[in-house]
$ cat query_28.cif   # mmCIF, N, CA and C atoms
data_query
#
loop_
_atom_site.label_atom_id
_atom_site.label_comp_id
_atom_site.auth_asym_id
_atom_site.auth_seq_id
_atom_site.Cartn_x
_atom_site.Cartn_y
_atom_site.Cartn_z
N MET E 74 -0.08 -12.63 10.53
CA MET E 74 -0.02 -11.30 11.08
C MET E 74 -0.14 -11.35 12.59
N GLU E 75 0.52 -10.44 13.23
CA GLU E 75 0.57 -10.47 14.68
C GLU E 75 -0.60 -9.75 15.33
N GLY E 76 -1.38 -8.99 14.59
CA GLY E 76 -2.52 -8.32 15.16
C GLY E 76 -2.19 -7.08 15.97
N LYS E 77 -0.99 -6.53 15.81
CA LYS E 77 -0.59 -5.35 16.56
C LYS E 77 -1.15 -4.07 15.96
N GLY E 78 -1.43 -4.09 14.67
CA GLY E 78 -1.90 -2.90 13.99
C GLY E 78 -3.14 -3.20 13.18
N ARG E 79 -3.36 -2.37 12.20
CA ARG E 79 -4.48 -2.56 11.29
C ARG E 79 -3.94 -2.85 9.90
N VAL E 80 -4.71 -3.58 9.13
CA VAL E 80 -4.34 -3.89 7.76
C VAL E 80 -4.88 -2.78 6.87
N TYR E 81 -3.99 -2.21 6.06
CA TYR E 81 -4.35 -1.12 5.17
C TYR E 81 -4.17 -1.53 3.72
N LEU E 82 -4.99 -0.94 2.86
CA LEU E 82 -4.80 -0.97 1.42
C LEU E 82 -4.53 0.47 1.02
N ILE E 83 -3.44 0.68 0.30
CA ILE E 83 -3.07 2.01 -0.18
C ILE E 83 -2.89 1.91 -1.68
N ALA E 84 -3.61 2.74 -2.41
CA ALA E 84 -3.54 2.72 -3.87
C ALA E 84 -2.98 4.05 -4.36
N ALA E 85 -2.12 3.97 -5.36
CA ALA E 85 -1.51 5.17 -5.93
C ALA E 85 -1.41 5.02 -7.44
N ARG E 86 -1.52 6.14 -8.15
CA ARG E 86 -1.34 6.14 -9.60
C ARG E 86 0.16 6.22 -9.88
N GLY E 87 0.63 5.32 -10.72
CA GLY E 87 2.05 5.22 -11.04
C GLY E 87 2.55 3.86 -10.64
N GLU E 88 3.55 3.36 -11.35
CA GLU E 88 4.10 2.03 -11.06
C GLU E 88 5.49 2.15 -10.46
N LEU E 89 5.74 1.39 -9.41
CA LEU E 89 7.04 1.35 -8.76
C LEU E 89 7.96 0.37 -9.45
N SER E 90 9.23 0.71 -9.52
CA SER E 90 10.23 -0.26 -9.96
C SER E 90 10.44 -1.25 -8.83
N ASP E 91 11.08 -2.38 -9.12
CA ASP E 91 11.39 -3.36 -8.07
C ASP E 91 12.25 -2.72 -6.98
N GLU E 92 13.17 -1.88 -7.40
CA GLU E 92 14.06 -1.20 -6.45
C GLU E 92 13.27 -0.28 -5.52
N ASP E 93 12.36 0.50 -6.08
CA ASP E 93 11.54 1.40 -5.26
C ASP E 93 10.58 0.62 -4.35
N ALA E 94 10.09 -0.51 -4.82
CA ALA E 94 9.17 -1.32 -4.02
C ALA E 94 9.83 -1.80 -2.73
N CYS E 95 11.15 -1.94 -2.74
CA CYS E 95 11.88 -2.36 -1.53
C CYS E 95 11.74 -1.34 -0.40
N ALA E 96 11.39 -0.11 -0.73
CA ALA E 96 11.20 0.93 0.29
C ALA E 96 9.97 0.66 1.15
N PHE E 97 9.16 -0.32 0.75
CA PHE E 97 7.93 -0.63 1.47
C PHE E 97 8.00 -2.02 2.08
N GLU E 98 9.13 -2.30 2.72
CA GLU E 98 9.38 -3.61 3.33
C GLU E 98 8.23 -3.97 4.28
N GLY E 99 7.79 -5.21 4.18
CA GLY E 99 6.71 -5.69 5.03
C GLY E 99 5.33 -5.49 4.43
N MET E 100 5.27 -4.75 3.33
CA MET E 100 4.00 -4.53 2.65
C MET E 100 3.96 -5.39 1.38
N ARG E 101 2.80 -5.86 1.04
CA ARG E 101 2.61 -6.54 -0.25
C ARG E 101 2.47 -5.45 -1.29
N VAL E 102 3.26 -5.51 -2.35
CA VAL E 102 3.27 -4.48 -3.39
C VAL E 102 2.90 -5.11 -4.72
N GLU E 103 1.89 -4.57 -5.36
CA GLU E 103 1.48 -5.01 -6.70
C GLU E 103 1.43 -3.80 -7.61
N THR E 104 1.99 -3.93 -8.80
CA THR E 104 1.88 -2.87 -9.79
C THR E 104 1.23 -3.44 -11.03
N GLN E 105 0.29 -2.67 -11.57
CA GLN E 105 -0.43 -3.16 -12.74
C GLN E 105 -1.17 -2.00 -13.39
N ASP E 106 -1.10 -1.92 -14.69
CA ASP E 106 -1.87 -0.95 -15.46
C ASP E 106 -1.74 0.48 -14.94
N GLY E 107 -0.51 0.87 -14.63
CA GLY E 107 -0.28 2.25 -14.19
C GLY E 107 -0.67 2.54 -12.75
N MET E 108 -0.90 1.49 -11.97
CA MET E 108 -1.31 1.66 -10.58
C MET E 108 -0.44 0.80 -9.66
N THR E 109 -0.22 1.29 -8.45
CA THR E 109 0.47 0.51 -7.42
C THR E 109 -0.47 0.31 -6.26
N ILE E 110 -0.56 -0.93 -5.79
CA ILE E 110 -1.37 -1.27 -4.63
C ILE E 110 -0.43 -1.79 -3.54
N LEU E 111 -0.52 -1.20 -2.37
CA LEU E 111 0.23 -1.66 -1.20
C LEU E 111 -0.79 -2.21 -0.21
N ALA E 112 -0.49 -3.33 0.41
CA ALA E 112 -1.37 -3.89 1.43
C ALA E 112 -0.52 -4.51 2.51
N GLY E 113 -0.92 -4.30 3.75
CA GLY E 113 -0.20 -4.89 4.86
C GLY E 113 -0.55 -4.25 6.17
N GLU E 114 0.02 -4.82 7.21
CA GLU E 114 -0.25 -4.33 8.56
C GLU E 114 0.60 -3.10 8.85
N ILE E 115 -0.05 -2.09 9.39
CA ILE E 115 0.61 -0.86 9.81
C ILE E 115 0.29 -0.68 11.29
N VAL E 116 1.33 -0.56 12.10
CA VAL E 116 1.14 -0.61 13.55
C VAL E 116 0.67 0.70 14.17
N ASP E 117 0.99 1.84 13.54
CA ASP E 117 0.58 3.10 14.14
C ASP E 117 0.58 4.22 13.11
N GLN E 118 0.09 5.37 13.52
CA GLN E 118 -0.01 6.51 12.60
C GLN E 118 1.35 6.98 12.08
N PRO E 119 2.40 7.04 12.91
CA PRO E 119 3.70 7.45 12.36
C PRO E 119 4.18 6.53 11.23
N GLN E 120 3.94 5.23 11.35
CA GLN E 120 4.33 4.31 10.27
C GLN E 120 3.50 4.60 9.02
N LEU E 121 2.20 4.83 9.18
CA LEU E 121 1.34 5.15 8.04
C LEU E 121 1.82 6.43 7.36
N PHE E 122 2.09 7.47 8.15
CA PHE E 122 2.54 8.73 7.56
C PHE E 122 3.88 8.58 6.86
N GLY E 123 4.75 7.73 7.39
CA GLY E 123 6.03 7.47 6.73
C GLY E 123 5.84 6.84 5.36
N ILE E 124 4.92 5.88 5.27
CA ILE E 124 4.63 5.23 3.99
C ILE E 124 4.05 6.25 3.01
N LEU E 125 3.13 7.09 3.49
CA LEU E 125 2.53 8.10 2.62
C LEU E 125 3.57 9.11 2.14
N GLN E 126 4.53 9.44 2.99
CA GLN E 126 5.61 10.35 2.58
C GLN E 126 6.49 9.71 1.52
N ARG E 127 6.77 8.40 1.66
CA ARG E 127 7.56 7.70 0.64
C ARG E 127 6.84 7.70 -0.70
N ILE E 128 5.53 7.45 -0.67
CA ILE E 128 4.73 7.47 -1.90
C ILE E 128 4.85 8.84 -2.57
N ASN E 129 4.69 9.88 -1.78
CA ASN E 129 4.80 11.25 -2.30
C ASN E 129 6.21 11.51 -2.85
N GLY E 130 7.22 11.08 -2.12
CA GLY E 130 8.61 11.30 -2.53
C GLY E 130 8.96 10.59 -3.83
N LEU E 131 8.26 9.51 -4.13
CA LEU E 131 8.50 8.77 -5.37
C LEU E 131 7.67 9.32 -6.54
N GLY E 132 6.91 10.37 -6.26
CA GLY E 132 6.15 11.02 -7.32
C GLY E 132 4.86 10.32 -7.71
N LEU E 133 4.37 9.43 -6.83
CA LEU E 133 3.11 8.76 -7.11
C LEU E 133 1.94 9.61 -6.62
N GLU E 134 0.80 9.50 -7.29
CA GLU E 134 -0.40 10.21 -6.88
C GLU E 134 -1.24 9.31 -5.98
N LEU E 135 -1.45 9.69 -4.74
CA LEU E 135 -2.24 8.91 -3.80
C LEU E 135 -3.69 8.90 -4.24
N LEU E 136 -4.27 7.70 -4.33
CA LEU E 136 -5.67 7.56 -4.74
C LEU E 136 -6.58 7.14 -3.60
N ARG E 137 -6.07 6.27 -2.73
CA ARG E 137 -6.94 5.71 -1.70
C ARG E 137 -6.13 5.15 -0.54
N VAL E 138 -6.65 5.35 0.66
CA VAL E 138 -6.13 4.71 1.87
C VAL E 138 -7.33 4.10 2.57
N GLU E 139 -7.29 2.80 2.79
CA GLU E 139 -8.44 2.09 3.35
C GLU E 139 -8.00 1.11 4.42
N VAL E 140 -8.69 1.09 5.55
CA VAL E 140 -8.46 0.10 6.60
C VAL E 140 -9.28 -1.13 6.26
N LEU E 141 -8.64 -2.30 6.29
CA LEU E 141 -9.29 -3.56 5.96
C LEU E 141 -9.40 -4.44 7.19
N SER E 142 -10.16 -5.52 7.07
CA SER E 142 -10.20 -6.49 8.15
C SER E 142 -8.83 -7.15 8.27
N GLU E 143 -8.52 -7.69 9.43
CA GLU E 143 -7.18 -8.24 9.70
C GLU E 143 -6.75 -9.33 8.74
N ASP E 144 -7.71 -10.14 8.26
CA ASP E 144 -7.33 -11.27 7.41
C ASP E 144 -7.38 -10.92 5.92
N ALA E 145 -7.64 -9.68 5.59
CA ALA E 145 -7.77 -9.28 4.19
C ALA E 145 -6.41 -8.93 3.58
N TYR E 146 -6.16 -9.45 2.43
CA TYR E 146 -4.99 -9.07 1.62
C TYR E 146 -5.47 -9.01 0.19
N PRO E 147 -6.05 -7.87 -0.21
CA PRO E 147 -6.66 -7.77 -1.53
C PRO E 147 -5.64 -7.76 -2.66
N SER E 148 -6.09 -8.17 -3.80
CA SER E 148 -5.25 -8.05 -4.99
C SER E 148 -5.65 -6.79 -5.73
N SER E 149 -4.83 -6.38 -6.66
CA SER E 149 -5.16 -5.20 -7.45
C SER E 149 -6.43 -5.46 -8.26
N GLN E 150 -6.71 -6.69 -8.61
CA GLN E 150 -7.92 -7.01 -9.35
C GLN E 150 -9.14 -6.68 -8.50
N ARG E 151 -9.13 -7.02 -7.23
CA ARG E 151 -10.26 -6.70 -6.35
C ARG E 151 -10.46 -5.20 -6.29
N TYR E 152 -9.37 -4.46 -6.17
CA TYR E 152 -9.47 -3.00 -6.10
C TYR E 152 -10.04 -2.44 -7.40
N ALA E 153 -9.60 -2.97 -8.53
CA ALA E 153 -10.04 -2.47 -9.82
C ALA E 153 -11.53 -2.69 -10.04
N GLU E 154 -12.11 -3.69 -9.38
CA GLU E 154 -13.52 -3.99 -9.55
C GLU E 154 -14.42 -3.04 -8.77
N ARG E 155 -13.86 -2.23 -7.89
CA ARG E 155 -14.68 -1.32 -7.08
C ARG E 155 -15.11 -0.13 -7.86
#

$ encode --input "query_28.cif" --output "structure tokens"
Amino acid sequence: MEGKGRVYLIAARGELSDEDACAFEGMRVETQDGMTILAGEIVDQPQLFGILQRINGLGLELLRVEVLSEDAYPSSQRYAER
């Protein structure tokens, strides 16, 4: 990671198809048990809002938006344990 932005974890209820996951280029996308987890660096608020709008447009229910440490790339298992 280049350190230009912050690393975010975004969780939503609903699973993305592989085709829909392509809309989140540059983000790590995991789908499991009816949930989608996105993780990656977001450089500014407009980029964050764009991602949130895509989630909404795909009909997913936003559950969580969290800023993580720069070296963190959580798995859906880590999120599920919270």

$ atom_distance --input "query_28.cif" --atom1 "atom C of E:Ser142" --atom2 "atom C of E:Gly87"
24.7 Å

$ axis_aligned_box --input "query_28.cif" --around "stretch 109-121 of chain E" --padding-each-side "5 Å" --output "JSON"
{"center_x": 1.5, "center_y": 1.3, "center_z": 2.9, "size_x": 15.7, "size_y": 22.3, "size_z": 32.6}

$ resolve_selection --input "query_28.cif" --expression "the PyMOL selection byres (((chain E and resi 81 and name CA) around 8) and name CA)" --output "count of residues only"
13

$ resolve_selection --input "query_28.cif" --expression "the PyMOL selection byres ((chain E and resi 135) around 6)" --output "list of chain:residue names"
E:Ala84, E:Ala85, E:Arg86, E:Leu133, E:Glu134, E:Leu136, E:Arg137

$ residues_around --input "query_28.cif" --residues "stretch 117-120 of chain E" --least-positions-apart "2" --cutoff "9 Å" --atoms "only C-alpha atoms" --output "ChimeraX atom specification"
/E:77-79,115,122-125

$ atom_distance --input "query_28.cif" --atom1 "atom CA of E:Ser90" --atom2 "atom CA of E:Val116"
25.2 Å

$ decode --input "query_28.cif" --residues "stretch 104-138 of chain E" --atoms "C-alpha atoms" --output "compact mmCIF listing (two decimals), in the first residue's frame"
# COMPACT_ATOMS: atom_id res chain seq x y z
CA THR E 104 -18.47 -12.99 0.37
CA GLN E 105 -19.57 -15.57 2.87
CA ASP E 106 -22.73 -16.62 4.69
CA GLY E 107 -24.89 -13.85 3.25
CA MET E 108 -22.35 -11.12 3.95
CA THR E 109 -19.88 -9.13 1.85
CA ILE E 110 -16.69 -7.71 3.33
CA LEU E 111 -14.69 -5.08 1.44
CA ALA E 112 -11.24 -4.05 2.66
CA GLY E 113 -8.68 -1.74 1.15
CA GLU E 114 -7.16 1.67 0.95
CA ILE E 115 -9.48 4.58 0.27
CA VAL E 116 -7.73 7.85 -0.53
CA ASP E 117 -10.46 10.38 0.26
CA GLN E 118 -14.08 10.95 1.23
CA PRO E 119 -15.38 11.16 -2.37
CA GLN E 120 -13.95 7.70 -3.07
CA LEU E 121 -15.53 6.35 0.14
CA PHE E 122 -18.91 7.86 -0.74
CA GLY E 123 -18.68 6.39 -4.25
CA ILE E 124 -18.13 2.91 -2.81
CA LEU E 125 -21.04 3.37 -0.40
CA GLN E 126 -23.27 4.49 -3.29
CA ARG E 127 -22.31 1.37 -5.28
CA ILE E 128 -23.18 -0.82 -2.28
CA ASN E 129 -26.56 0.89 -2.04
CA GLY E 130 -27.13 0.63 -5.80
CA LEU E 131 -26.53 -3.12 -5.67
CA GLY E 132 -29.21 -3.48 -3.00
CA LEU E 133 -26.89 -4.46 -0.17
CA GLU E 134 -27.61 -3.39 3.41
CA LEU E 135 -24.67 -1.47 4.90
CA LEU E 136 -23.68 -2.91 8.28
CA ARG E 137 -20.36 -1.33 9.17
CA VAL E 138 -17.69 1.10 8.01
